[in-house]
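Written out below as structure tokens is the structure these notes cover.
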Amino acid sequence: QVHVVESGGGLVQAGGSLRLSCAASGSIFGFGAMAWYRQAPGKQRDLVASITRGGRTKYADSVKGRFTISRDNAKSTVDLQMNSLKPEDTAVYYCLAELAGSEYWGQGTQVTVSS
């Protein structure tokens, strides 16, 4: 059974940094693409950043130059380093792991950026 668990959220002042971590388990072959999404109150869930198994990355325009996604295939983990945080980055951040055409989501971790 696949499990996806996020950690590292919290409260930070504008301009600060946070690092989110996500661990996926339940596949002896590892996972395909992994990604971070976020959902602010009253808004849809949007892609923040994604990374393929080969390391190719993609970022939302709003976070380019501030956020960095990385992964460890051997550990099936994906991290999101968030710098220069802004109040508009406040949201619940979700980790996604792909496996054999299916998508598995974590429970989410709250990130709150105060002004």
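Each chain in the structure tokens gets a letter, A, B, ..., in the order shown, and its residues are numbered from 1; ligands are numbered from 1 in order too.
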(message) Show me, as number ranges by chain, the residues that have an atom within 10 Å of A:Lys64 when counting only C-alpha atoms, minus same-chain residues fewer than 4 positions from it.
(response) A: 48-49, 58-60, 68
(message) To test your reading of the structure, identify every residue in stretch 2-49 of chain A that backbone DSSP assigns to strand (DSSP E or B), and report it as a count of residues only.
(response) 27
Got a sec: who's within 7 Å of stretch 9-21 of chain A, counting only C-alpha atoms, leaving out chain neighbours fewer than 3 positions off, as an mmCIF file with N, CA and C atoms, in the first residue's frame?
```cif
data_model
loop_
_atom_site.group_PDB
_atom_site.id
_atom_site.type_symbol
_atom_site.label_atom_id
_atom_site.label_comp_id
_atom_site.auth_asym_id
_atom_site.auth_seq_id
_atom_site.Cartn_x
_atom_site.Cartn_y
_atom_site.Cartn_z
ATOM 1 N N GLU A 6 3.936 14.238 4.280
ATOM 2 C CA GLU A 6 4.669 15.504 4.240
ATOM 3 C C GLU A 6 5.061 15.946 5.643
ATOM 4 N N VAL A 78 11.051 13.686 -1.676
ATOM 5 C CA VAL A 78 11.118 14.919 -2.452
ATOM 6 C C VAL A 78 11.026 16.084 -1.483
ATOM 7 N N ASP A 79 11.886 17.058 -1.652
ATOM 8 C CA ASP A 79 11.928 18.224 -0.795
ATOM 9 C C ASP A 79 11.589 19.481 -1.587
ATOM 10 N N LEU A 80 11.112 20.479 -0.855
ATOM 11 C CA LEU A 80 10.851 21.781 -1.454
ATOM 12 C C LEU A 80 11.484 22.835 -0.557
ATOM 13 N N GLN A 81 12.547 23.447 -1.035
ATOM 14 C CA GLN A 81 13.187 24.528 -0.310
ATOM 15 C C GLN A 81 12.531 25.834 -0.738
ATOM 16 N N MET A 82 11.973 26.542 0.232
ATOM 17 C CA MET A 82 11.235 27.769 -0.057
ATOM 18 C C MET A 82 11.943 28.946 0.588
ATOM 19 N N ASN A 83 12.423 29.859 -0.229
ATOM 20 C CA ASN A 83 13.114 31.049 0.247
ATOM 21 C C ASN A 83 12.323 32.299 -0.125
ATOM 22 N N SER A 84 12.668 33.397 0.515
ATOM 23 C CA SER A 84 12.017 34.688 0.231
ATOM 24 C C SER A 84 10.497 34.540 0.237
ATOM 25 N N LEU A 85 9.988 33.913 1.257
ATOM 26 C CA LEU A 85 8.551 33.632 1.321
ATOM 27 C C LEU A 85 7.733 34.899 1.422
ATOM 28 N N LYS A 86 6.557 34.846 0.812
ATOM 29 C CA LYS A 86 5.637 35.974 0.773
ATOM 30 C C LYS A 86 4.314 35.556 1.411
ATOM 31 N N PRO A 87 3.536 36.516 1.911
ATOM 32 C CA PRO A 87 2.225 36.159 2.483
ATOM 33 C C PRO A 87 1.346 35.382 1.501
ATOM 34 N N THR A 109 0.439 19.828 4.472
ATOM 35 C CA THR A 109 1.083 20.506 5.589
ATOM 36 C C THR A 109 0.881 22.008 5.425
ATOM 37 N N GLN A 110 0.516 22.660 6.516
ATOM 38 C CA GLN A 110 0.179 24.088 6.460
ATOM 39 C C GLN A 110 1.444 24.945 6.466
ATOM 40 N N VAL A 111 1.480 25.898 5.554
ATOM 41 C CA VAL A 111 2.524 26.915 5.530
ATOM 42 C C VAL A 111 1.841 28.272 5.664
ATOM 43 N N THR A 112 2.226 29.021 6.670
ATOM 44 C CA THR A 112 1.655 30.335 6.900
ATOM 45 C C THR A 112 2.776 31.367 6.929
ATOM 46 N N VAL A 113 2.654 32.387 6.074
ATOM 47 C CA VAL A 113 3.665 33.432 5.993
ATOM 48 C C VAL A 113 3.037 34.734 6.472
ATOM 49 N N SER A 114 3.572 35.265 7.552
ATOM 50 C CA SER A 114 3.022 36.493 8.114
ATOM 51 C C SER A 114 3.732 37.716 7.528
ATOM 52 N N SER A 115 2.992 38.799 7.405
ATOM 53 C CA SER A 115 3.561 40.026 6.815
ATOM 54 C C SER A 115 4.173 40.920 7.876
#
```
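Proximity to A:Ala35 was assessed for A:Gln107, A:Ser102, A:Ser62, A:Ser70 counting only C-alpha atoms; the smallest distance is recorded for A:Ser70.
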(message) Just the number, please: distance in Å from atom CA of A:Tyr104 to atom CA of A:Thr52, one decimal.
(response)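 A separation of 15.0 Å between them.
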Please identify every residue of stretch 62-93 of chain A that has at least one atom no farther than 9 Å from an atom of stretch 29-34 of chain A, counting only C-alpha atoms, and for each give the shortest atom pair and the distance in Å to one decimal, arranged by chain then increasing number, as a tab-separated table.
```
residue	atom	partner	partner_atom	distance
A:Arg71	CA	A:Met34	CA	8.2
A:Asn73	CA	A:Gly30	CA	6.8
A:Ala74	CA	A:Gly30	CA	7.5
A:Lys75	CA	A:Gly30	CA	8.2
A:Ser76	CA	A:Gly30	CA	6.1
A:Thr77	CA	A:Met34	CA	8.6
A:Val78	CA	A:Met34	CA	6.9
```
Store the residues of this selection in a file with N, CA and C atoms, as a PDB file, in the first residue's frame.
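File produced: result.pdb:
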```pdb
ATOM      1  N   ARG A  71      14.933  15.695  -5.203  1.00  0.00           N
ATOM      2  CA  ARG A  71      14.457  14.382  -4.793  1.00  0.00           C
ATOM      3  C   ARG A  71      15.624  13.434  -4.611  1.00  0.00           C
ATOM      4  N   ASN A  73      15.922   9.503  -5.235  1.00  0.00           N
ATOM      5  CA  ASN A  73      15.209   8.330  -5.756  1.00  0.00           C
ATOM      6  C   ASN A  73      15.399   7.095  -4.867  1.00  0.00           C
ATOM      7  N   ALA A  74      16.556   6.950  -4.294  1.00  0.00           N
ATOM      8  CA  ALA A  74      16.821   5.779  -3.455  1.00  0.00           C
ATOM      9  C   ALA A  74      15.930   5.772  -2.216  1.00  0.00           C
ATOM     10  N   LYS A  75      15.611   6.945  -1.714  1.00  0.00           N
ATOM     11  CA  LYS A  75      14.775   7.057  -0.507  1.00  0.00           C
ATOM     12  C   LYS A  75      13.323   7.373  -0.819  1.00  0.00           C
ATOM     13  N   SER A  76      13.014   7.624  -2.094  1.00  0.00           N
ATOM     14  CA  SER A  76      11.658   8.030  -2.503  1.00  0.00           C
ATOM     15  C   SER A  76      11.196   9.253  -1.725  1.00  0.00           C
ATOM     16  N   THR A  77      12.052  10.242  -1.665  1.00  0.00           N
ATOM     17  CA  THR A  77      11.718  11.491  -0.988  1.00  0.00           C
ATOM     18  C   THR A  77      11.817  12.659  -1.963  1.00  0.00           C
ATOM     19  N   VAL A  78      11.051  13.686  -1.676  1.00  0.00           N
ATOM     20  CA  VAL A  78      11.118  14.919  -2.452  1.00  0.00           C
ATOM     21  C   VAL A  78      11.026  16.084  -1.483  1.00  0.00           C
TER      22      VAL A  78
END
```
(request) Determine the nearest neighbour of A:Gln44 from the options A:Ala91, A:Val2, A:Gly26, A:Asp61, counting only C-alpha atoms. (result)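 Closest to A:Gln44 of all the choices is A:Ala91.
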(message) Rounded to one decimal, what separation in Å do you get between atom CA of A:Arg45 and atom CA of A:Gln1?
(response)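 About the pair atom CA of A:Arg45 and atom CA of A:Gln1: they are 24.6 Å apart.
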(message) I need the residues of chain A that end up classed as helix (DSSP H, G or I) by DSSP on the backbone, written out as a PyMOL selection string.
(response) chain A and resi 61-63+87-89
(message) Between atom CA of A:Gly42 and atom CA of A:Gly108, what distance in Å does the model show, to one decimal?
(response) 15.8 Å
(message) Nearest residue to A:Ile51 out of A:Val92, A:Tyr37, A:Ala97, A:Ile69, using only C-alpha atoms?
(response)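 Ranked by minimum distance to A:Ile51, first place goes to A:Ile69.
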